[in-house]
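K.L.:
For reference, the structure I am asking about is given below.
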Amino acid sequence: MKGMTMKASEVGKYIGGLLREGKYTQESDSVRRLATMPVDFVFVEVNCPDLATAPQLLERVIDFLKTDKDLFIGELLSTFVLAYFGMPRPVQDGPEKRKRCAERLMQEFGKGVRIVHGTTNAAVGNFGGSIGLHYGALSLQTADQLKALISCEYGQVRELI
């Protein structure tokens with residue numbers, strides 16, 4: 001990947017494919033100290049019919065999520081927010097916490113959001129290389145989660161099992 005320019009979506013596909021194929025290891029230069037573990041997630045899309053108000057609504061959703069000390073905001077991409085429970089430190093009752101989080105989001109934002117939540121296997125650890133590292137998570141089922149999210153109506157919550 002050295003010297004290549006890739007879009008964010010392509011990077012996710014590239015790294016995800018290498019993780020599934022087992023080409024990244026603990027000793028890899030590109031990914032250090034990764035562990036695959038189950039984590040609870042909440043995946044939110046903000047309804048943005050008016051591009052002028054989209055940033056404000058997205059900011060309100062992010063600020064709302066930041067109030068939960070057990071939540072780690074893993075990805076922000078356009079109008080999507082993917083947040084995880086149980087990293088960097090495990091939480092008790094992760095499934096209950098994510099369900100309550102999804103319910104609170106829906107109460108607060110209603111038809112302004114659509115939400116899927118569940119438990120997923122994710123690669124968790126330090127991503128990066130010689131330039132720098134970024135602690136994060138990469139769900140190994142992001143494509144399936146995104147399909148489920150897009151199939152929801154705004155104002156709907158779906159639990160993925």
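Simple scheme: letters A, B, ... for chains in structure tokens order, numbers from 1 for residues in each chain, numbers from 1 for ligands in the order shown.
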Can you tell me, as an MDAnalysis selection string, what residues are no more than 7 Å from range 131-148 of chain A when counting only C-alpha atoms, ignoring any on the same chain fewer than 6 positions away?
P.N.:
chainID A and resid 16 74 120:125
K.L.:
Take the residues that were just selected and, keeping C-alpha atoms, output them as a compact mmCIF listing (two decimals), in the first residue's frame.
P.N.:
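As written to disk, result.txt reads:
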# COMPACT_ATOMS: atom_id res chain seq x y z
CA GLY A 16 -10.58 -5.64 5.96
CA GLY A 74 -14.84 4.50 15.83
CA THR A 120 -19.80 -7.83 15.89
CA ASN A 121 -16.32 -9.25 15.58
CA ALA A 122 -13.86 -6.45 15.12
CA ALA A 123 -10.12 -6.03 14.78
CA VAL A 124 -9.21 -3.76 17.67
CA GLY A 125 -5.85 -2.11 18.25
K.L.:
Can you list, as a VMD selection string, all residues belonging to range 25-105 of chain A that DSSP tags as alpha helix (DSSP H)?
P.N.:
chain A and resid 54 to 66 94 to 105
K.L.:
Determine, counting only C-alpha atoms, which protein, DNA and RNA residues have an atom within 12 Å of an atom of Lys69 in chain A; residues of the same chain fewer than 6 positions away are not included. Present the result as a list in words.
P.N.:
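Contacts, with the query itself left out: Asp63, Ala83, Tyr84, Phe85, Gly86, Met87, Pro88, Arg89, Pro90, Val91, Lys97 and Cys101 of chain A.
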K.L.:
Between A:Gln92, A:Thr36, A:Thr79, A:Thr119, which one has atoms that come closest to Thr53 in chain A, using only C-alpha atoms?
P.N.:
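Closest residue, counting only C-alpha atoms: A:Thr79.
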K.L.:
Would you mind telling me which residue in A:Leu149, A:Val44, A:Leu105, A:Val39 lies nearest to Leu76 in chain A when using only C-alpha atoms?
P.N.:
A:Val44
K.L.:
Hey, which of A:Ile73, A:Val42, A:Met106, A:Val113 ends up closest to Ala54 in chain A? Count only C-alpha atoms.
P.N.:
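Among the listed residues, A:Val113 lies closest to Ala54 in chain A.
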K.L.:
Using only C-alpha atoms for the distances, tell me which of A:His117, A:Lys66, A:Lys111, A:Arg60 is nearest to Arg98 in chain A.
P.N.:
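For Arg98 in chain A, the nearest of the given residues is A:His117.
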K.L.:
So the first atom is CA of Gly155 in chain A and the second is CA of Gly112 in chain A; what is the distance between them in Å, to one decimal place?
P.N.:
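About the pair CA of Gly155 in chain A and CA of Gly112 in chain A: they are 6.5 Å apart.
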